[in-house]
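A.B. asks: Input structure: structure-v9.cif, which contains mmCIF, N, CA and C atoms.
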```
data_run
#
loop_
_atom_site.label_atom_id
_atom_site.label_comp_id
_atom_site.auth_asym_id
_atom_site.auth_seq_id
_atom_site.Cartn_x
_atom_site.Cartn_y
_atom_site.Cartn_z
N LYS A 1 0.84 -1.19 0.00
CA LYS A 1 0.00 0.00 0.00
C LYS A 1 0.88 1.24 0.00
N ALA A 2 0.28 2.35 -0.35
CA ALA A 2 0.99 3.62 -0.40
C ALA A 2 1.35 4.09 1.01
N ARG A 3 2.45 4.84 1.10
CA ARG A 3 2.89 5.41 2.37
C ARG A 3 1.84 6.45 2.84
N PRO A 4 1.52 6.48 4.14
CA PRO A 4 0.56 7.48 4.63
C PRO A 4 1.07 8.89 4.35
N LYS A 5 0.12 9.80 4.10
CA LYS A 5 0.47 11.19 3.79
C LYS A 5 0.36 12.10 5.00
N LYS A 6 -0.28 11.64 6.08
CA LYS A 6 -0.40 12.46 7.28
C LYS A 6 -0.37 11.58 8.52
N PHE A 7 -0.21 12.20 9.66
CA PHE A 7 -0.15 11.48 10.93
C PHE A 7 -1.56 11.26 11.45
N ALA A 8 -2.25 10.30 10.85
CA ALA A 8 -3.62 9.94 11.24
C ALA A 8 -3.88 8.53 10.74
N THR A 9 -4.84 7.88 11.36
CA THR A 9 -5.25 6.56 10.92
C THR A 9 -6.73 6.40 11.20
N LYS A 10 -7.35 5.44 10.54
CA LYS A 10 -8.76 5.15 10.81
C LYS A 10 -8.94 3.64 10.80
N PRO A 11 -9.99 3.14 11.47
CA PRO A 11 -10.21 1.69 11.54
C PRO A 11 -10.26 1.05 10.15
N GLY A 12 -9.59 -0.09 10.05
CA GLY A 12 -9.59 -0.84 8.81
C GLY A 12 -8.58 -0.40 7.78
N SER A 13 -7.82 0.68 8.07
CA SER A 13 -6.85 1.19 7.10
C SER A 13 -5.59 0.33 7.03
N GLY A 14 -5.33 -0.44 8.09
CA GLY A 14 -4.10 -1.21 8.13
C GLY A 14 -2.91 -0.40 8.62
N ASN A 15 -3.12 0.88 8.89
CA ASN A 15 -2.05 1.76 9.38
C ASN A 15 -2.08 1.82 10.90
N ALA A 16 -0.94 2.03 11.50
CA ALA A 16 -0.84 2.21 12.94
C ALA A 16 -0.20 3.56 13.21
N LEU A 17 -0.71 4.27 14.19
CA LEU A 17 -0.15 5.56 14.58
C LEU A 17 0.32 5.44 16.01
N GLU A 18 1.59 5.77 16.24
CA GLU A 18 2.15 5.72 17.58
C GLU A 18 2.70 7.08 17.95
N THR A 19 2.51 7.45 19.20
CA THR A 19 3.12 8.65 19.75
C THR A 19 4.02 8.20 20.88
N LEU A 20 5.31 8.47 20.74
CA LEU A 20 6.29 8.05 21.72
C LEU A 20 6.83 9.26 22.46
N SER A 21 7.14 9.08 23.73
CA SER A 21 7.75 10.15 24.50
C SER A 21 8.72 9.54 25.48
N ARG A 22 9.71 10.31 25.85
CA ARG A 22 10.68 9.86 26.84
C ARG A 22 10.19 10.27 28.21
N SER A 23 10.51 9.45 29.21
CA SER A 23 10.09 9.73 30.56
C SER A 23 11.29 9.63 31.49
N ALA A 24 11.38 10.54 32.42
CA ALA A 24 12.45 10.51 33.41
C ALA A 24 11.94 9.90 34.71
N ALA A 25 10.74 9.33 34.67
CA ALA A 25 10.14 8.75 35.87
C ALA A 25 10.99 7.60 36.39
N ALA A 26 10.96 7.44 37.70
CA ALA A 26 11.70 6.34 38.32
C ALA A 26 11.08 5.02 37.90
N PRO A 27 11.89 3.98 37.73
CA PRO A 27 11.33 2.68 37.36
C PRO A 27 10.36 2.17 38.41
N VAL A 28 9.36 1.46 37.99
CA VAL A 28 8.36 0.89 38.88
C VAL A 28 8.82 -0.52 39.25
N ALA A 29 8.75 -0.85 40.52
CA ALA A 29 9.16 -2.18 40.96
C ALA A 29 8.08 -3.19 40.58
N VAL A 30 8.47 -4.22 39.86
CA VAL A 30 7.55 -5.29 39.48
C VAL A 30 8.25 -6.62 39.68
N ALA A 31 7.46 -7.67 39.75
CA ALA A 31 8.02 -9.00 39.95
C ALA A 31 8.72 -9.48 38.69
N ALA A 32 9.93 -9.94 38.82
CA ALA A 32 10.70 -10.43 37.67
C ALA A 32 10.50 -11.94 37.51
N PRO A 33 10.53 -12.42 36.28
CA PRO A 33 10.46 -13.86 36.08
C PRO A 33 11.72 -14.53 36.63
N ALA A 34 11.68 -15.84 36.79
CA ALA A 34 12.78 -16.56 37.40
C ALA A 34 14.07 -16.49 36.59
N ALA A 35 13.99 -16.58 35.27
CA ALA A 35 15.20 -16.61 34.45
C ALA A 35 15.81 -15.22 34.33
N ALA A 36 17.12 -15.13 34.58
CA ALA A 36 17.82 -13.85 34.48
C ALA A 36 18.37 -13.63 33.08
N ASP A 37 18.58 -14.70 32.32
CA ASP A 37 19.11 -14.57 30.98
C ASP A 37 18.04 -14.09 30.02
N ALA A 38 18.47 -13.40 28.97
CA ALA A 38 17.52 -12.90 27.97
C ALA A 38 16.93 -14.07 27.19
N GLN A 39 15.65 -13.96 26.91
CA GLN A 39 14.96 -14.91 26.05
C GLN A 39 14.57 -14.17 24.78
N GLU A 40 14.81 -14.79 23.63
CA GLU A 40 14.47 -14.16 22.36
C GLU A 40 13.43 -14.98 21.64
N TRP A 41 12.52 -14.27 20.98
CA TRP A 41 11.40 -14.88 20.28
C TRP A 41 11.27 -14.24 18.91
N VAL A 42 10.78 -15.00 17.93
CA VAL A 42 10.49 -14.47 16.61
C VAL A 42 8.97 -14.56 16.40
N MET A 43 8.42 -13.56 15.72
CA MET A 43 6.99 -13.50 15.50
C MET A 43 6.54 -14.59 14.53
N ALA A 44 5.53 -15.35 14.93
CA ALA A 44 4.97 -16.40 14.08
C ALA A 44 3.61 -15.99 13.52
N SER A 45 2.93 -15.09 14.23
CA SER A 45 1.61 -14.62 13.80
C SER A 45 1.33 -13.28 14.46
N HIS A 46 0.61 -12.40 13.77
CA HIS A 46 0.24 -11.09 14.31
C HIS A 46 -1.09 -10.68 13.69
N ILE A 47 -2.09 -10.47 14.55
CA ILE A 47 -3.41 -10.01 14.09
C ILE A 47 -3.79 -8.81 14.95
N ALA A 48 -4.03 -7.67 14.32
CA ALA A 48 -4.43 -6.45 15.02
C ALA A 48 -5.82 -6.05 14.55
N SER A 49 -6.75 -5.99 15.50
CA SER A 49 -8.15 -5.66 15.19
C SER A 49 -8.67 -6.48 14.02
N GLY A 50 -8.37 -7.77 14.05
CA GLY A 50 -8.88 -8.69 13.05
C GLY A 50 -8.10 -8.75 11.75
N LYS A 51 -7.08 -7.91 11.61
CA LYS A 51 -6.32 -7.89 10.35
C LYS A 51 -4.96 -8.55 10.56
N PRO A 52 -4.71 -9.67 9.85
CA PRO A 52 -3.41 -10.33 9.99
C PRO A 52 -2.29 -9.57 9.28
N LEU A 53 -1.12 -9.60 9.87
CA LEU A 53 0.07 -9.05 9.24
C LEU A 53 0.49 -10.00 8.13
N GLU A 54 0.92 -9.44 7.01
CA GLU A 54 1.35 -10.28 5.90
C GLU A 54 2.51 -11.18 6.36
N GLU A 55 2.46 -12.44 5.93
CA GLU A 55 3.44 -13.44 6.38
C GLU A 55 4.88 -13.06 6.12
N ASN A 56 5.15 -12.36 5.01
CA ASN A 56 6.54 -12.03 4.69
C ASN A 56 7.13 -11.02 5.68
N TYR A 57 6.31 -10.35 6.49
CA TYR A 57 6.82 -9.42 7.50
C TYR A 57 7.10 -10.10 8.84
N LEU A 58 6.50 -11.26 9.08
CA LEU A 58 6.60 -11.92 10.39
C LEU A 58 8.03 -12.15 10.86
N PRO A 59 8.97 -12.62 10.01
CA PRO A 59 10.33 -12.87 10.51
C PRO A 59 11.05 -11.62 11.02
N TYR A 60 10.53 -10.43 10.71
CA TYR A 60 11.16 -9.19 11.16
C TYR A 60 10.72 -8.81 12.57
N GLY A 61 9.71 -9.50 13.10
CA GLY A 61 9.23 -9.21 14.45
C GLY A 61 10.02 -10.00 15.47
N LYS A 62 10.56 -9.31 16.47
CA LYS A 62 11.35 -9.94 17.54
C LYS A 62 10.84 -9.48 18.90
N ARG A 63 10.97 -10.37 19.86
CA ARG A 63 10.57 -10.09 21.24
C ARG A 63 11.72 -10.55 22.12
N VAL A 64 12.26 -9.65 22.92
CA VAL A 64 13.36 -9.98 23.82
C VAL A 64 12.90 -9.69 25.25
N VAL A 65 13.03 -10.71 26.09
CA VAL A 65 12.66 -10.57 27.50
C VAL A 65 13.93 -10.68 28.32
N GLN A 66 14.20 -9.66 29.11
CA GLN A 66 15.37 -9.63 30.00
C GLN A 66 14.86 -9.23 31.37
N GLY A 67 14.90 -10.17 32.31
CA GLY A 67 14.37 -9.88 33.64
C GLY A 67 12.89 -9.58 33.55
N ASN A 68 12.49 -8.38 34.01
CA ASN A 68 11.08 -7.99 33.96
C ASN A 68 10.84 -6.92 32.89
N GLU A 69 11.69 -6.90 31.87
CA GLU A 69 11.51 -5.93 30.78
C GLU A 69 11.39 -6.66 29.45
N VAL A 70 10.47 -6.20 28.62
CA VAL A 70 10.27 -6.77 27.29
C VAL A 70 10.47 -5.66 26.26
N THR A 71 11.14 -6.03 25.16
CA THR A 71 11.33 -5.13 24.04
C THR A 71 10.84 -5.85 22.78
N VAL A 72 9.88 -5.24 22.10
CA VAL A 72 9.35 -5.79 20.86
C VAL A 72 9.81 -4.88 19.73
N THR A 73 10.46 -5.47 18.72
CA THR A 73 10.94 -4.70 17.58
C THR A 73 10.36 -5.27 16.29
N MET A 74 10.30 -4.42 15.29
CA MET A 74 9.91 -4.82 13.95
C MET A 74 10.94 -4.24 13.01
N ALA A 75 11.68 -5.13 12.35
CA ALA A 75 12.77 -4.73 11.45
C ALA A 75 13.75 -3.80 12.17
N GLY A 76 14.02 -4.11 13.45
CA GLY A 76 14.99 -3.35 14.23
C GLY A 76 14.43 -2.11 14.91
N GLN A 77 13.21 -1.69 14.57
CA GLN A 77 12.61 -0.50 15.17
C GLN A 77 11.84 -0.92 16.43
N VAL A 78 12.11 -0.24 17.55
CA VAL A 78 11.44 -0.57 18.80
C VAL A 78 9.97 -0.15 18.71
N MET A 79 9.09 -1.13 18.88
CA MET A 79 7.65 -0.87 18.85
C MET A 79 7.09 -0.75 20.26
N VAL A 80 7.60 -1.59 21.17
CA VAL A 80 7.16 -1.57 22.57
C VAL A 80 8.36 -1.88 23.44
N LYS A 81 8.52 -1.10 24.49
CA LYS A 81 9.51 -1.40 25.52
C LYS A 81 8.80 -1.13 26.83
N ALA A 82 8.71 -2.16 27.67
CA ALA A 82 7.92 -2.02 28.89
C ALA A 82 8.43 -2.95 29.97
N GLN A 83 8.15 -2.58 31.20
CA GLN A 83 8.31 -3.50 32.31
C GLN A 83 7.02 -4.30 32.37
N PHE A 84 7.08 -5.50 32.93
CA PHE A 84 5.88 -6.31 32.96
C PHE A 84 5.79 -7.16 34.20
N THR A 85 4.56 -7.58 34.51
CA THR A 85 4.29 -8.56 35.54
C THR A 85 3.38 -9.62 34.93
N VAL A 86 3.44 -10.82 35.48
CA VAL A 86 2.57 -11.90 35.03
C VAL A 86 1.91 -12.53 36.26
N ASP A 87 0.76 -13.14 36.03
CA ASP A 87 0.09 -13.91 37.07
C ASP A 87 -0.25 -15.27 36.47
N ARG A 88 0.54 -16.27 36.82
CA ARG A 88 0.35 -17.62 36.28
C ARG A 88 -0.77 -18.39 36.99
N THR A 89 -1.33 -17.82 38.07
CA THR A 89 -2.41 -18.51 38.78
C THR A 89 -3.76 -18.25 38.13
N LYS A 90 -3.87 -17.22 37.32
CA LYS A 90 -5.14 -16.89 36.66
C LYS A 90 -5.30 -17.74 35.41
N ARG A 91 -6.56 -17.95 34.98
CA ARG A 91 -6.85 -18.67 33.74
C ARG A 91 -7.79 -17.85 32.90
N PRO A 92 -7.38 -17.35 31.74
CA PRO A 92 -6.03 -17.50 31.21
C PRO A 92 -5.03 -16.69 32.04
N MET A 93 -3.75 -17.04 31.91
CA MET A 93 -2.70 -16.32 32.64
C MET A 93 -2.70 -14.86 32.16
N THR A 94 -2.35 -13.94 33.07
CA THR A 94 -2.38 -12.53 32.73
C THR A 94 -0.97 -11.95 32.64
N ILE A 95 -0.84 -10.93 31.80
CA ILE A 95 0.41 -10.19 31.66
C ILE A 95 0.05 -8.71 31.57
N ASP A 96 0.74 -7.89 32.35
CA ASP A 96 0.51 -6.45 32.37
C ASP A 96 1.79 -5.73 32.00
N TYR A 97 1.70 -4.85 31.03
CA TYR A 97 2.83 -4.00 30.67
C TYR A 97 2.70 -2.68 31.42
N ILE A 98 3.82 -2.17 31.88
CA ILE A 98 3.89 -0.81 32.40
C ILE A 98 4.77 -0.07 31.40
N LEU A 99 4.12 0.75 30.58
CA LEU A 99 4.80 1.45 29.50
C LEU A 99 5.64 2.60 30.04
N LYS A 100 6.54 3.08 29.21
CA LYS A 100 7.47 4.14 29.63
C LYS A 100 6.74 5.40 30.10
N ASN A 101 5.53 5.67 29.57
CA ASN A 101 4.78 6.86 29.99
C ASN A 101 3.97 6.60 31.25
N GLY A 102 4.12 5.41 31.86
CA GLY A 102 3.42 5.07 33.09
C GLY A 102 2.07 4.42 32.88
N LYS A 103 1.56 4.40 31.65
CA LYS A 103 0.27 3.78 31.38
C LYS A 103 0.42 2.27 31.45
N LYS A 104 -0.70 1.60 31.73
CA LYS A 104 -0.71 0.15 31.80
C LYS A 104 -1.45 -0.41 30.59
N GLN A 105 -0.97 -1.55 30.14
CA GLN A 105 -1.60 -2.27 29.03
C GLN A 105 -1.82 -3.70 29.51
N PHE A 106 -3.06 -4.19 29.40
CA PHE A 106 -3.42 -5.47 29.97
C PHE A 106 -3.56 -6.54 28.90
N GLY A 107 -3.06 -7.74 29.24
CA GLY A 107 -3.14 -8.83 28.29
C GLY A 107 -3.32 -10.17 28.98
N ILE A 108 -3.47 -11.19 28.13
CA ILE A 108 -3.52 -12.57 28.57
C ILE A 108 -2.51 -13.34 27.73
N TYR A 109 -2.06 -14.49 28.25
CA TYR A 109 -1.11 -15.28 27.47
C TYR A 109 -1.25 -16.75 27.82
N GLU A 110 -0.71 -17.57 26.92
CA GLU A 110 -0.61 -19.00 27.16
C GLU A 110 0.69 -19.50 26.57
N GLU A 111 1.25 -20.51 27.22
CA GLU A 111 2.50 -21.11 26.77
C GLU A 111 2.24 -22.53 26.30
N ALA A 112 2.92 -22.91 25.23
CA ALA A 112 2.83 -24.28 24.72
C ALA A 112 4.21 -24.64 24.18
N GLY A 113 5.01 -25.32 25.00
CA GLY A 113 6.36 -25.67 24.58
C GLY A 113 7.21 -24.43 24.34
N GLU A 114 7.69 -24.27 23.12
CA GLU A 114 8.54 -23.12 22.78
C GLU A 114 7.75 -22.01 22.12
N THR A 115 6.43 -21.99 22.33
CA THR A 115 5.56 -20.99 21.73
C THR A 115 4.79 -20.26 22.82
N ILE A 116 4.61 -18.96 22.64
CA ILE A 116 3.79 -18.16 23.54
C ILE A 116 2.78 -17.39 22.69
N THR A 117 1.54 -17.37 23.14
CA THR A 117 0.48 -16.62 22.48
C THR A 117 0.05 -15.52 23.44
N VAL A 118 -0.01 -14.28 22.94
CA VAL A 118 -0.31 -13.12 23.77
C VAL A 118 -1.42 -12.32 23.10
N ASN A 119 -2.38 -11.85 23.90
CA ASN A 119 -3.44 -10.97 23.39
C ASN A 119 -3.51 -9.75 24.30
N PHE A 120 -3.32 -8.57 23.70
CA PHE A 120 -3.35 -7.30 24.43
C PHE A 120 -4.44 -6.40 23.89
N THR A 121 -4.95 -5.54 24.76
CA THR A 121 -5.81 -4.44 24.34
C THR A 121 -4.96 -3.17 24.33
N ALA A 122 -5.54 -2.10 23.85
CA ALA A 122 -4.86 -0.81 23.87
C ALA A 122 -4.66 -0.36 25.32
N PRO A 123 -3.64 0.48 25.58
CA PRO A 123 -3.42 0.97 26.95
C PRO A 123 -4.70 1.59 27.52
N GLY A 124 -4.98 1.25 28.78
CA GLY A 124 -6.14 1.81 29.46
C GLY A 124 -7.45 1.09 29.21
N LYS A 125 -7.47 0.12 28.31
CA LYS A 125 -8.69 -0.63 27.99
C LYS A 125 -8.75 -1.89 28.84
N PRO A 126 -9.95 -2.47 29.01
CA PRO A 126 -10.06 -3.70 29.82
C PRO A 126 -9.30 -4.87 29.20
N ARG A 127 -8.88 -5.78 30.04
CA ARG A 127 -8.14 -6.97 29.64
C ARG A 127 -9.00 -7.84 28.71
N PRO A 128 -8.40 -8.38 27.64
CA PRO A 128 -9.16 -9.33 26.81
C PRO A 128 -9.51 -10.57 27.62
N THR A 129 -10.58 -11.25 27.22
CA THR A 129 -11.01 -12.44 27.95
C THR A 129 -10.74 -13.72 27.17
N ASN A 130 -10.33 -13.57 25.90
CA ASN A 130 -10.06 -14.75 25.08
C ASN A 130 -8.98 -14.42 24.05
N PHE A 131 -8.60 -15.42 23.28
CA PHE A 131 -7.52 -15.26 22.31
C PHE A 131 -8.09 -15.02 20.91
N THR A 132 -8.80 -13.90 20.78
CA THR A 132 -9.34 -13.49 19.48
C THR A 132 -8.98 -12.03 19.22
N SER A 133 -8.99 -11.68 17.96
CA SER A 133 -8.79 -10.30 17.53
C SER A 133 -9.73 -10.09 16.35
N ASN A 134 -10.75 -9.27 16.56
CA ASN A 134 -11.77 -9.04 15.54
C ASN A 134 -11.77 -7.59 15.07
N LYS A 135 -12.29 -7.37 13.91
CA LYS A 135 -12.30 -6.05 13.30
C LYS A 135 -12.81 -5.00 14.28
N GLY A 136 -11.97 -3.98 14.52
CA GLY A 136 -12.35 -2.85 15.35
C GLY A 136 -12.28 -3.05 16.85
N ASP A 137 -11.87 -4.24 17.35
CA ASP A 137 -11.88 -4.46 18.80
C ASP A 137 -10.63 -3.93 19.50
N GLY A 138 -9.60 -3.55 18.76
CA GLY A 138 -8.39 -3.01 19.37
C GLY A 138 -7.48 -4.05 19.99
N HIS A 139 -7.79 -5.34 19.79
CA HIS A 139 -6.95 -6.41 20.33
C HIS A 139 -5.80 -6.72 19.38
N THR A 140 -4.62 -6.95 19.96
CA THR A 140 -3.46 -7.39 19.18
C THR A 140 -3.09 -8.78 19.67
N LEU A 141 -3.29 -9.76 18.79
CA LEU A 141 -3.04 -11.16 19.10
C LEU A 141 -1.77 -11.58 18.39
N THR A 142 -0.75 -12.00 19.15
CA THR A 142 0.51 -12.41 18.54
C THR A 142 0.91 -13.79 19.04
N VAL A 143 1.60 -14.52 18.18
CA VAL A 143 2.19 -15.81 18.53
C VAL A 143 3.67 -15.68 18.30
N TRP A 144 4.48 -16.15 19.27
CA TRP A 144 5.94 -16.04 19.22
C TRP A 144 6.55 -17.41 19.39
N LYS A 145 7.60 -17.69 18.64
CA LYS A 145 8.37 -18.94 18.78
C LYS A 145 9.73 -18.59 19.37
N GLN A 146 10.12 -19.31 20.41
CA GLN A 146 11.39 -19.01 21.09
C GLN A 146 12.57 -19.39 20.21
N ILE A 147 13.56 -18.50 20.19
CA ILE A 147 14.82 -18.75 19.50
C ILE A 147 15.76 -19.38 20.51
N LYS A 148 16.18 -20.58 20.24
CA LYS A 148 17.08 -21.28 21.17
C LYS A 148 18.51 -20.80 20.96
N PRO A 149 19.24 -20.57 22.08
CA PRO A 149 20.64 -20.11 21.96
C PRO A 149 21.55 -21.17 21.36
#
```
Translate the structure described by the file into structure tokens.

C.D. replies:
Amino acid sequence: KARPKKFATKPGSGNALETLSRSAAAPVAVAAPAAADAQEWVMASHIASGKPLEENYLPYGKRVVQGNEVTVTMAGQVMVKAQFTVDRTKRPMTIDYILKNGKKQFGIYEEAGETITVNFTAPGKPRPTNFTSNKGDGHTLTVWKQIKP
């Protein structure tokens, strides 16, 4: 598709608009996962508001988890960098991002071997209750495959 001509988007356009800002806020203390070493994942699937990402773009999506921080990149560009907490006692298990601007983003996830499936809503929206992403719902459903060292 053609490159966007202005900083705006509308539902169904396939475009994403992000506003990023730097924050000097002190880090928020959150529970870290047990593993201290970085874990790397490659994107296997991505559906945003019901629209799947074209398959040829998937290998460019990476997810790196180091302690309690996650960095998601696409073709080397940082898309999300956040601290996170998880609750493995809930069903489905929950994951909460604390974004650099202090906003929270709520999600659910499931693990199956070397694969993780995550579904998030937009920051400030209620947590998704299932692993679906439908047109206009604002859910981002991704599947990641772990890269073994």

A.B. asks: List, as a ChimeraX atom specification, every residue that the PyMOL selection byres ((chain A and resi 89-101) around 8) selects in the file provided.

C.D. replies: /A:21-25,80-88,102-111,129-130

A.B. asks: Any idea what the distance is between atom CA of A:Val118 and atom C of A:Thr140?

C.D. replies: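 Atom CA of A:Val118 sits 6.6 Å away from atom C of A:Thr140.
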
A.B. asks: Can you tell me how far atom N of A:Asn15 sits from atom N of A:Arg127, in Å to one decimal?

C.D. replies: 22.9 Å

A.B. asks: Can you list, as a ChimeraX atom specification, the residues that the PyMOL selection byres ((chain A and resi 63) around 7) selects here?

C.D. replies: /A:39-43,61-62,64-65,70-73

A.B. asks: Write a file of the selected residues as a PDB file, keeping the file's coordinate frame, keeping N, CA and C atoms.

C.D. replies:
```
ATOM      1  N   GLN A  39      15.650 -13.960  26.910  1.00  0.00           N
ATOM      2  CA  GLN A  39      14.960 -14.910  26.050  1.00  0.00           C
ATOM      3  C   GLN A  39      14.570 -14.170  24.780  1.00  0.00           C
ATOM      4  N   GLU A  40      14.810 -14.790  23.630  1.00  0.00           N
ATOM      5  CA  GLU A  40      14.470 -14.160  22.360  1.00  0.00           C
ATOM      6  C   GLU A  40      13.430 -14.980  21.640  1.00  0.00           C
ATOM      7  N   TRP A  41      12.520 -14.270  20.980  1.00  0.00           N
ATOM      8  CA  TRP A  41      11.400 -14.880  20.280  1.00  0.00           C
ATOM      9  C   TRP A  41      11.270 -14.240  18.910  1.00  0.00           C
ATOM     10  N   VAL A  42      10.780 -15.000  17.930  1.00  0.00           N
ATOM     11  CA  VAL A  42      10.490 -14.470  16.610  1.00  0.00           C
ATOM     12  C   VAL A  42       8.970 -14.560  16.400  1.00  0.00           C
ATOM     13  N   MET A  43       8.420 -13.560  15.720  1.00  0.00           N
ATOM     14  CA  MET A  43       6.990 -13.500  15.500  1.00  0.00           C
ATOM     15  C   MET A  43       6.540 -14.590  14.530  1.00  0.00           C
ATOM     16  N   GLY A  61       9.710  -9.500  13.100  1.00  0.00           N
ATOM     17  CA  GLY A  61       9.230  -9.210  14.450  1.00  0.00           C
ATOM     18  C   GLY A  61      10.020 -10.000  15.470  1.00  0.00           C
ATOM     19  N   LYS A  62      10.560  -9.310  16.470  1.00  0.00           N
ATOM     20  CA  LYS A  62      11.350  -9.940  17.540  1.00  0.00           C
ATOM     21  C   LYS A  62      10.840  -9.480  18.900  1.00  0.00           C
ATOM     22  N   VAL A  64      12.260  -9.650  22.920  1.00  0.00           N
ATOM     23  CA  VAL A  64      13.360  -9.980  23.820  1.00  0.00           C
ATOM     24  C   VAL A  64      12.900  -9.690  25.250  1.00  0.00           C
ATOM     25  N   VAL A  65      13.030 -10.710  26.090  1.00  0.00           N
ATOM     26  CA  VAL A  65      12.660 -10.570  27.500  1.00  0.00           C
ATOM     27  C   VAL A  65      13.930 -10.680  28.320  1.00  0.00           C
ATOM     28  N   VAL A  70      10.470  -6.200  28.620  1.00  0.00           N
ATOM     29  CA  VAL A  70      10.270  -6.770  27.290  1.00  0.00           C
ATOM     30  C   VAL A  70      10.470  -5.660  26.260  1.00  0.00           C
ATOM     31  N   THR A  71      11.140  -6.030  25.160  1.00  0.00           N
ATOM     32  CA  THR A  71      11.330  -5.130  24.040  1.00  0.00           C
ATOM     33  C   THR A  71      10.840  -5.850  22.780  1.00  0.00           C
ATOM     34  N   VAL A  72       9.880  -5.240  22.100  1.00  0.00           N
ATOM     35  CA  VAL A  72       9.350  -5.790  20.860  1.00  0.00           C
ATOM     36  C   VAL A  72       9.810  -4.880  19.730  1.00  0.00           C
ATOM     37  N   THR A  73      10.460  -5.470  18.720  1.00  0.00           N
ATOM     38  CA  THR A  73      10.940  -4.700  17.580  1.00  0.00           C
ATOM     39  C   THR A  73      10.360  -5.270  16.290  1.00  0.00           C
TER      40      THR A  73
END
```

A.B. asks: Please indicate the distance in Å from atom C of A:Val143 to atom N of A:Lys5, rounded to one decimal place.

C.D. replies: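 Pair atom C of A:Val143 / atom N of A:Lys5 returns 29.4 Å.
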
A.B. asks: Within 8 Å of (-4.9, -7.6, 12.5) in the file's own coordinates, which protein, DNA or RNA residues have an atom, counting all atoms listed in the file? List them as a ChimeraX atom specification.

C.D. replies: /A:14,46-53,133-135,139-141

A.B. asks: Keeping only N, CA and C atoms, write those residues as a PDB file, in the coordinates of the input.

C.D. replies:
```
ATOM      1  N   GLY A  14      -5.330  -0.440   8.090  1.00  0.00           N
ATOM      2  CA  GLY A  14      -4.100  -1.210   8.130  1.00  0.00           C
ATOM      3  C   GLY A  14      -2.910  -0.400   8.620  1.00  0.00           C
ATOM      4  N   HIS A  46       0.610 -12.400  13.770  1.00  0.00           N
ATOM      5  CA  HIS A  46       0.240 -11.090  14.310  1.00  0.00           C
ATOM      6  C   HIS A  46      -1.090 -10.680  13.690  1.00  0.00           C
ATOM      7  N   ILE A  47      -2.090 -10.470  14.550  1.00  0.00           N
ATOM      8  CA  ILE A  47      -3.410 -10.010  14.090  1.00  0.00           C
ATOM      9  C   ILE A  47      -3.790  -8.810  14.950  1.00  0.00           C
ATOM     10  N   ALA A  48      -4.030  -7.670  14.320  1.00  0.00           N
ATOM     11  CA  ALA A  48      -4.430  -6.450  15.020  1.00  0.00           C
ATOM     12  C   ALA A  48      -5.820  -6.050  14.550  1.00  0.00           C
ATOM     13  N   SER A  49      -6.750  -5.990  15.500  1.00  0.00           N
ATOM     14  CA  SER A  49      -8.150  -5.660  15.190  1.00  0.00           C
ATOM     15  C   SER A  49      -8.670  -6.480  14.020  1.00  0.00           C
ATOM     16  N   GLY A  50      -8.370  -7.770  14.050  1.00  0.00           N
ATOM     17  CA  GLY A  50      -8.880  -8.690  13.050  1.00  0.00           C
ATOM     18  C   GLY A  50      -8.100  -8.750  11.750  1.00  0.00           C
ATOM     19  N   LYS A  51      -7.080  -7.910  11.610  1.00  0.00           N
ATOM     20  CA  LYS A  51      -6.320  -7.890  10.350  1.00  0.00           C
ATOM     21  C   LYS A  51      -4.960  -8.550  10.560  1.00  0.00           C
ATOM     22  N   PRO A  52      -4.710  -9.670   9.850  1.00  0.00           N
ATOM     23  CA  PRO A  52      -3.410 -10.330   9.990  1.00  0.00           C
ATOM     24  C   PRO A  52      -2.290  -9.570   9.280  1.00  0.00           C
ATOM     25  N   LEU A  53      -1.120  -9.600   9.870  1.00  0.00           N
ATOM     26  CA  LEU A  53       0.070  -9.050   9.240  1.00  0.00           C
ATOM     27  C   LEU A  53       0.490 -10.000   8.130  1.00  0.00           C
ATOM     28  N   SER A 133      -8.990 -11.680  17.960  1.00  0.00           N
ATOM     29  CA  SER A 133      -8.790 -10.300  17.530  1.00  0.00           C
ATOM     30  C   SER A 133      -9.730 -10.090  16.350  1.00  0.00           C
ATOM     31  N   ASN A 134     -10.750  -9.270  16.560  1.00  0.00           N
ATOM     32  CA  ASN A 134     -11.770  -9.040  15.540  1.00  0.00           C
ATOM     33  C   ASN A 134     -11.770  -7.590  15.070  1.00  0.00           C
ATOM     34  N   LYS A 135     -12.290  -7.370  13.910  1.00  0.00           N
ATOM     35  CA  LYS A 135     -12.300  -6.050  13.300  1.00  0.00           C
ATOM     36  C   LYS A 135     -12.810  -5.000  14.280  1.00  0.00           C
ATOM     37  N   HIS A 139      -7.790  -5.340  19.790  1.00  0.00           N
ATOM     38  CA  HIS A 139      -6.950  -6.410  20.330  1.00  0.00           C
ATOM     39  C   HIS A 139      -5.800  -6.720  19.380  1.00  0.00           C
ATOM     40  N   THR A 140      -4.620  -6.950  19.960  1.00  0.00           N
ATOM     41  CA  THR A 140      -3.460  -7.390  19.180  1.00  0.00           C
ATOM     42  C   THR A 140      -3.090  -8.780  19.670  1.00  0.00           C
ATOM     43  N   LEU A 141      -3.290  -9.760  18.790  1.00  0.00           N
ATOM     44  CA  LEU A 141      -3.040 -11.160  19.100  1.00  0.00           C
ATOM     45  C   LEU A 141      -1.770 -11.580  18.390  1.00  0.00           C
TER      46      LEU A 141
END
```

A.B. asks: Per DSSP on the backbone, filter chain A down to the residues in helix (DSSP H, G or I) and report them as a PyMOL selection string.

C.D. replies: chain A and resi 55-60

A.B. asks: Closest to A:Gln66 among A:Ala38, A:Ile147, A:Ala2, A:Val78, using all atoms listed in the file?

C.D. replies: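 That would be A:Ala38, the residue with the smallest distance to A:Gln66.
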
A.B. asks: Given the PyMOL selection byres (((chain A and resi 17 and name CA) around 12) and name CA) and the file above, list the residues it selects as a PyMOL selection string.

C.D. replies: chain A and resi 4+6-11+13-16+18-20+79

A.B. asks: As an MDAnalysis selection string, please: every residue in chain A that a backbone DSSP assignment puts in strand (DSSP E or B).

C.D. replies: chainID A and resid 39:48 51:52 61:66 69:74 77:87 93:99 104:112 115:120 140:147
